[in-house]
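One file, work-v9.pdb, is given below (PDB, C-alpha atoms, pLDDT in the B column).
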```pdb
ATOM      1  CA  MET C   1      20.237 -30.249  53.289  1.00 83.00           C
ATOM      2  CA  THR C   2      23.411 -32.245  52.838  1.00 89.00           C
ATOM      3  CA  VAL C   3      25.944 -32.573  55.634  1.00 91.00           C
ATOM      4  CA  THR C   4      28.387 -30.591  53.484  1.00 94.00           C
ATOM      5  CA  ALA C   5      25.916 -27.701  53.163  1.00 93.00           C
ATOM      6  CA  LEU C   6      25.087 -27.880  56.876  1.00 91.00           C
ATOM      7  CA  ALA C   7      28.793 -27.822  57.770  1.00 93.00           C
ATOM      8  CA  ALA C   8      29.312 -24.710  55.630  1.00 94.00           C
ATOM      9  CA  GLU C   9      26.281 -23.022  57.214  1.00 92.00           C
ATOM     10  CA  VAL C  10      27.460 -23.604  60.791  1.00 92.00           C
ATOM     11  CA  GLY C  11      31.160 -23.025  60.113  1.00 93.00           C
ATOM     12  CA  LEU C  12      32.504 -26.559  60.644  1.00 92.00           C
ATOM     13  CA  THR C  13      34.264 -29.055  58.452  1.00 93.00           C
ATOM     14  CA  VAL C  14      32.254 -32.054  57.311  1.00 94.00           C
ATOM     15  CA  ALA C  15      33.635 -34.681  59.745  1.00 94.00           C
ATOM     16  CA  PRO C  16      32.917 -32.804  63.011  1.00 93.00           C
ATOM     17  CA  CYS C  17      29.550 -31.640  61.660  1.00 94.00           C
ATOM     18  CA  HIS C  18      28.592 -35.218  60.805  1.00 93.00           C
ATOM     19  CA  ARG C  19      29.725 -36.391  64.244  1.00 94.00           C
ATOM     20  CA  ARG C  20      27.630 -33.696  65.992  1.00 94.00           C
ATOM     21  CA  LEU C  21      24.655 -34.573  63.825  1.00 93.00           C
ATOM     22  CA  ARG C  22      24.928 -38.270  64.799  1.00 94.00           C
ATOM     23  CA  ASP C  23      25.252 -37.263  68.480  1.00 95.00           C
ATOM     24  CA  LEU C  24      22.070 -35.158  68.250  1.00 94.00           C
ATOM     25  CA  GLU C  25      20.242 -38.068  66.604  1.00 93.00           C
ATOM     26  CA  ALA C  26      21.473 -40.512  69.276  1.00 94.00           C
ATOM     27  CA  ALA C  27      20.399 -38.135  72.066  1.00 95.00           C
ATOM     28  CA  GLY C  28      16.916 -37.838  70.558  1.00 94.00           C
ATOM     29  CA  ALA C  29      17.226 -34.096  69.876  1.00 93.00           C
ATOM     30  CA  ILE C  30      16.697 -34.932  66.192  1.00 92.00           C
ATOM     31  CA  SER C  31      13.787 -37.331  65.998  1.00 90.00           C
ATOM     32  CA  GLY C  32      13.525 -37.636  62.220  1.00 89.00           C
ATOM     33  CA  TYR C  33      13.617 -35.991  58.837  1.00 87.00           C
ATOM     34  CA  ARG C  34      10.776 -35.011  56.543  1.00 83.00           C
ATOM     35  CA  ALA C  35       9.887 -33.645  53.169  1.00 84.00           C
ATOM     36  CA  ILE C  36       7.787 -30.480  53.176  1.00 82.00           C
ATOM     37  CA  LEU C  37       4.926 -30.950  50.729  1.00 84.00           C
ATOM     38  CA  ASP C  38       2.897 -28.199  49.108  1.00 84.00           C
ATOM     39  CA  ALA C  39      -0.623 -29.211  50.221  1.00 86.00           C
ATOM     40  CA  PRO C  40      -2.617 -27.553  47.398  1.00 87.00           C
ATOM     41  CA  ARG C  41      -0.331 -29.073  44.756  1.00 89.00           C
ATOM     42  CA  ILE C  42      -1.071 -32.568  46.052  1.00 91.00           C
ATOM     43  CA  GLY C  43      -4.814 -31.986  46.230  1.00 89.00           C
ATOM     44  CA  LEU C  44      -5.158 -30.926  49.873  1.00 91.00           C
ATOM     45  CA  GLY C  45      -6.072 -27.276  49.481  1.00 91.00           C
ATOM     46  CA  PHE C  46      -8.709 -27.173  52.221  1.00 95.00           C
ATOM     47  CA  GLN C  47      -7.865 -26.726  55.906  1.00 96.00           C
ATOM     48  CA  ALA C  48     -10.155 -26.616  58.893  1.00 97.00           C
ATOM     49  CA  LEU C  49      -9.373 -26.011  62.532  1.00 98.00           C
ATOM     50  CA  VAL C  50     -11.664 -28.043  64.756  1.00 98.00           C
ATOM     51  CA  PHE C  51     -12.232 -27.234  68.408  1.00 98.00           C
ATOM     52  CA  VAL C  52     -13.333 -30.301  70.348  1.00 98.00           C
ATOM     53  CA  THR C  53     -15.047 -30.469  73.724  1.00 97.00           C
ATOM     54  CA  LEU C  54     -15.351 -33.886  75.333  1.00 97.00           C
ATOM     55  CA  LYS C  55     -18.320 -34.972  77.444  1.00 95.00           C
ATOM     56  CA  ASP C  56     -15.941 -35.898  80.260  1.00 92.00           C
ATOM     57  CA  ARG C  57     -12.304 -36.847  80.824  1.00 89.00           C
ATOM     58  CA  GLN C  58     -13.173 -40.547  80.881  1.00 93.00           C
ATOM     59  CA  ASN C  59     -12.660 -40.844  77.103  1.00 92.00           C
ATOM     60  CA  MET C  60      -9.653 -38.536  76.840  1.00 95.00           C
ATOM     61  CA  TYR C  61      -6.992 -41.185  76.149  1.00 96.00           C
ATOM     62  CA  ALA C  62      -9.230 -43.112  73.751  1.00 96.00           C
ATOM     63  CA  PHE C  63      -9.920 -39.854  71.892  1.00 97.00           C
ATOM     64  CA  GLU C  64      -6.194 -39.057  71.713  1.00 97.00           C
ATOM     65  CA  ASP C  65      -5.386 -42.548  70.383  1.00 97.00           C
ATOM     66  CA  GLU C  66      -8.057 -42.262  67.698  1.00 97.00           C
ATOM     67  CA  VAL C  67      -6.859 -38.806  66.628  1.00 97.00           C
ATOM     68  CA  ALA C  68      -3.269 -40.056  66.333  1.00 97.00           C
ATOM     69  CA  SER C  69      -4.383 -42.791  63.921  1.00 97.00           C
ATOM     70  CA  ILE C  70      -6.293 -40.570  61.456  1.00 97.00           C
ATOM     71  CA  PRO C  71      -4.128 -39.228  58.589  1.00 95.00           C
ATOM     72  CA  GLU C  72      -6.447 -36.324  57.712  1.00 97.00           C
ATOM     73  CA  ILE C  73      -5.840 -34.871  61.171  1.00 97.00           C
ATOM     74  CA  VAL C  74      -2.359 -33.465  60.640  1.00 95.00           C
ATOM     75  CA  GLU C  75      -2.016 -31.692  63.990  1.00 95.00           C
ATOM     76  CA  GLY C  76      -3.686 -32.132  67.332  1.00 97.00           C
ATOM     77  CA  SER C  77      -3.225 -30.371  70.661  1.00 97.00           C
ATOM     78  CA  ARG C  78      -4.781 -30.875  74.078  1.00 97.00           C
ATOM     79  CA  LEU C  79      -5.638 -27.488  75.536  1.00 97.00           C
ATOM     80  CA  PHE C  80      -6.065 -26.091  79.028  1.00 95.00           C
ATOM     81  CA  GLY C  81      -9.633 -24.996  79.711  1.00 91.00           C
ATOM     82  CA  GLU C  82     -12.360 -24.999  77.086  1.00 92.00           C
ATOM     83  CA  PRO C  83     -12.332 -26.400  74.480  1.00 97.00           C
ATOM     84  CA  ASP C  84     -10.375 -29.554  75.269  1.00 97.00           C
ATOM     85  CA  PHE C  85      -8.595 -30.067  71.927  1.00 98.00           C
ATOM     86  CA  LEU C  86      -7.640 -28.252  68.746  1.00 98.00           C
ATOM     87  CA  LEU C  87      -7.278 -30.322  65.563  1.00 98.00           C
ATOM     88  CA  LYS C  88      -5.996 -29.276  62.160  1.00 96.00           C
ATOM     89  CA  VAL C  89      -7.681 -31.221  59.375  1.00 97.00           C
ATOM     90  CA  MET C  90      -6.649 -31.309  55.707  1.00 96.00           C
ATOM     91  CA  ALA C  91      -9.059 -32.203  52.915  1.00 97.00           C
ATOM     92  CA  THR C  92      -9.405 -31.703  49.179  1.00 96.00           C
ATOM     93  CA  ASP C  93     -12.404 -29.364  49.401  1.00 96.00           C
ATOM     94  CA  LEU C  94     -15.434 -28.427  51.502  1.00 96.00           C
ATOM     95  CA  PRO C  95     -17.601 -31.413  50.444  1.00 97.00           C
ATOM     96  CA  SER C  96     -14.826 -33.874  51.325  1.00 97.00           C
ATOM     97  CA  TYR C  97     -14.350 -32.139  54.681  1.00 97.00           C
ATOM     98  CA  GLN C  98     -18.088 -32.324  55.344  1.00 97.00           C
ATOM     99  CA  GLN C  99     -18.022 -36.063  54.652  1.00 98.00           C
ATOM    100  CA  PHE C 100     -14.992 -36.494  56.944  1.00 98.00           C
ATOM    101  CA  TYR C 101     -16.761 -34.471  59.635  1.00 98.00           C
ATOM    102  CA  ASP C 102     -19.951 -36.547  59.329  1.00 97.00           C
ATOM    103  CA  ASP C 103     -18.243 -39.947  59.010  1.00 97.00           C
ATOM    104  CA  VAL C 104     -15.243 -39.573  61.326  1.00 98.00           C
ATOM    105  CA  LEU C 105     -15.134 -36.556  63.618  1.00 98.00           C
ATOM    106  CA  VAL C 106     -18.600 -36.884  65.131  1.00 97.00           C
ATOM    107  CA  GLY C 107     -17.874 -40.528  65.969  1.00 96.00           C
ATOM    108  CA  LEU C 108     -14.664 -39.952  67.918  1.00 96.00           C
ATOM    109  CA  ALA C 109     -14.672 -41.233  71.507  1.00 94.00           C
ATOM    110  CA  GLY C 110     -16.386 -38.961  73.996  1.00 95.00           C
ATOM    111  CA  VAL C 111     -17.092 -36.013  71.709  1.00 97.00           C
ATOM    112  CA  GLU C 112     -19.702 -33.619  73.032  1.00 96.00           C
ATOM    113  CA  LYS C 113     -19.157 -30.611  70.768  1.00 97.00           C
ATOM    114  CA  LEU C 114     -17.260 -29.838  67.563  1.00 98.00           C
ATOM    115  CA  THR C 115     -16.712 -26.331  66.262  1.00 97.00           C
ATOM    116  CA  SER C 116     -15.018 -25.937  62.886  1.00 97.00           C
ATOM    117  CA  THR C 117     -13.483 -22.866  61.391  1.00 97.00           C
ATOM    118  CA  ILE C 118     -12.162 -22.773  57.845  1.00 96.00           C
ATOM    119  CA  VAL C 119      -8.635 -21.543  57.241  1.00 94.00           C
ATOM    120  CA  MET C 120      -8.744 -18.647  54.794  1.00 94.00           C
ATOM    121  CA  LYS C 121      -4.993 -18.323  54.313  1.00 89.00           C
ATOM    122  CA  SER C 122      -1.962 -19.943  55.900  1.00 85.00           C
ATOM    123  CA  LEU C 123       0.529 -17.284  56.893  1.00 86.00           C
ATOM    124  CA  LYS C 124       3.165 -19.533  58.381  1.00 81.00           C
ATOM    125  CA  GLY C 125       3.406 -23.299  58.405  1.00 74.00           C
ATOM    126  CA  ALA C 126       4.921 -25.628  60.960  1.00 71.00           C
ATOM    127  CA  GLY C 127       8.449 -24.409  60.693  1.00 65.00           C
ATOM    128  CA  GLU C 128      11.786 -24.447  62.368  1.00 68.00           C
ATOM    129  CA  LEU C 129      12.112 -24.198  66.107  1.00 63.00           C
ATOM    130  CA  PRO C 130      13.483 -20.869  67.336  1.00 70.00           C
ATOM    131  CA  VAL C 131      16.887 -22.210  68.380  1.00 66.00           C
TER     132      VAL C 131
END
```
Could you write out this structure as structure tokens?
Amino acid sequence: MTVTALAAEVGLTVAPCHRRLRDLEAAGAISGYRAILDAPRIGLGFQALVFVTLKDRQNMYAFEDEVASIPEIVEGSRLFGEPDFLLKVMATDLPSYQQFYDDVLVGLAGVEKLTSTIVMKSLKGAGELPV
């Protein structure tokens, strides 16, 4: 969205809107901008949610660092209780996910158990914050 369109949406003129936008960026409230891609149209029509249980907490930070470096893992959350983590993985299809699972996921630091579930249909993507 352009600053002009944003200003019209929030009821400000362009100059004060631009100033507020820069202030939000400087304060860290806006951490970046992104394009929203249509995953199936770019060949990533397969999604799996992977629940991960670690053997112990000794490898937790190493596991988190590895997860952060793997592009196919598009979201990752540490959970309270069992399991320890939830990962969202994107792939082209089931065979490519199986290869990723066999070659990458099972080798992550400290993994004891992986449980995958295939996403049938995405109802709502990572969207706007409710502000």
Per residue of range 31-94 of chain C within 10 Å of range 120-127 of chain C, what are the shortest atom pair and its distance in Å to one decimal, counting all atoms listed in the file, with rows by chain and residue number, as a Markdown table?
```
| residue | atom | partner | partner_atom | distance |
| --- | --- | --- | --- | --- |
| C:Ile36 | CA | C:Ala126 | CA | 9.6 |
| C:Phe46 | CA | C:Met120 | CA | 8.9 |
| C:Gln47 | CA | C:Met120 | CA | 8.2 |
| C:Ala48 | CA | C:Met120 | CA | 9.1 |
| C:Glu75 | CA | C:Ala126 | CA | 9.7 |
```
### Query
Skipping near chain neighbours, those fewer than 3 positions away, what residues fall within 8 Å of Pro83 in chain C using all atoms listed in the file, listed as an NGL selection string?
:C and (51-53 or 79-80 or 86)
### Task
Mind giving me the straight-line distance from CA of Phe85 in chain C to CA of Val50 in chain C in Å, one decimal?
8.1 Å
### Query
Can you list, as a list in words, every protein, DNA or RNA residue that comes within 9 Å of Gly110 in chain C when you count all atoms listed in the file, leaving out same-chain residues fewer than 6 positions away?
Thr53, Leu54, Lys55, Asp56, Arg57, Gln58, Asn59, Met60, Ala62 and Phe63 of chain C
Atoms to include: C-alpha atoms. Write the selected residues as a compact mmCIF listing (two decimals), in the coordinates of the input.
```txt
# COMPACT_ATOMS: atom_id res chain seq x y z
CA THR C 53 -15.05 -30.47 73.72
CA LEU C 54 -15.35 -33.89 75.33
CA LYS C 55 -18.32 -34.97 77.44
CA ASP C 56 -15.94 -35.90 80.26
CA ARG C 57 -12.30 -36.85 80.82
CA GLN C 58 -13.17 -40.55 80.88
CA ASN C 59 -12.66 -40.84 77.10
CA MET C 60 -9.65 -38.54 76.84
CA ALA C 62 -9.23 -43.11 73.75
CA PHE C 63 -9.92 -39.85 71.89
```
Which polymer residues, protein or nucleic acid, are no farther than 12 Å from (4.6, -35.6, 59.5), counting all atoms listed in the file, as a PDB file with C-alpha atoms, in the frame of the given file?
```pdb
ATOM      1  CA  SER C  31      13.787 -37.331  65.998  1.00 90.00           C
ATOM      2  CA  GLY C  32      13.525 -37.636  62.220  1.00 89.00           C
ATOM      3  CA  TYR C  33      13.617 -35.991  58.837  1.00 87.00           C
ATOM      4  CA  ARG C  34      10.776 -35.011  56.543  1.00 83.00           C
ATOM      5  CA  ALA C  35       9.887 -33.645  53.169  1.00 84.00           C
ATOM      6  CA  ILE C  36       7.787 -30.480  53.176  1.00 82.00           C
ATOM      7  CA  LEU C  37       4.926 -30.950  50.729  1.00 84.00           C
ATOM      8  CA  ALA C  68      -3.269 -40.056  66.333  1.00 97.00           C
ATOM      9  CA  PRO C  71      -4.128 -39.228  58.589  1.00 95.00           C
ATOM     10  CA  GLU C  72      -6.447 -36.324  57.712  1.00 97.00           C
ATOM     11  CA  ILE C  73      -5.840 -34.871  61.171  1.00 97.00           C
ATOM     12  CA  VAL C  74      -2.359 -33.465  60.640  1.00 95.00           C
ATOM     13  CA  GLU C  75      -2.016 -31.692  63.990  1.00 95.00           C
ATOM     14  CA  GLY C  76      -3.686 -32.132  67.332  1.00 97.00           C
ATOM     15  CA  ALA C 126       4.921 -25.628  60.960  1.00 71.00           C
ATOM     16  CA  GLY C 127       8.449 -24.409  60.693  1.00 65.00           C
TER      17      GLY C 127
END
```
## Note on the structure
Of C:Leu49, C:Val10, C:Pro130, C:Ala109, the one nearest to Tyr61 in chain C when counting only C-alpha atoms is C:Ala109
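Of the residues under consideration (C:Ala26, C:Ile70, C:Met90, C:Leu21), C:Met90 shows the shortest atom-to-atom contact distance to Val119 in chain C when counting all atoms listed in the file.
Between CA of Pro16 in chain C and CA of Thr4 in chain C there is a distance of 10.8 Å.
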Give, as AutoDock Vina command-line options, the centre coordinates and the x, y and z edge lengths in Å to one decimal for an axis-aligned box around all listed atoms of range 13-20 of chain C, padded by 4 Å on each side.
```
--center_x 30.9 --center_y -32.7 --center_z 61.7 --size_x 14.6 --size_y 15.3 --size_z 16.7
```
### Of the listed residues C:Thr2, C:Thr115, C:Thr13, C:Ser96, that which approaches Asp84 in chain C most closely, counting only C-alpha atoms
C:Thr115
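Among C:Met1, C:Cys17, C:Val67, C:Leu24, the residue with the shortest atom-to-atom distance to Val89 in chain C, counting all atoms listed in the file, is C:Val67.
Distances to Ala91 in chain C were evaluated for C:Leu12, C:Asp23, C:Leu6, C:Ala39 using all atoms listed in the file, and the minimum falls at C:Ala39.
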### Task
Measure the distance from CA of His18 in chain C to CA of Asp38 in chain C in Å and round it to one decimal.
29.1 Å
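Residue nearest Tyr101 in chain C within the list C:Leu87, C:Ala5, C:Gly43, C:Arg19: C:Leu87 [criterion: smallest interatomic distance, only C-alpha atoms].
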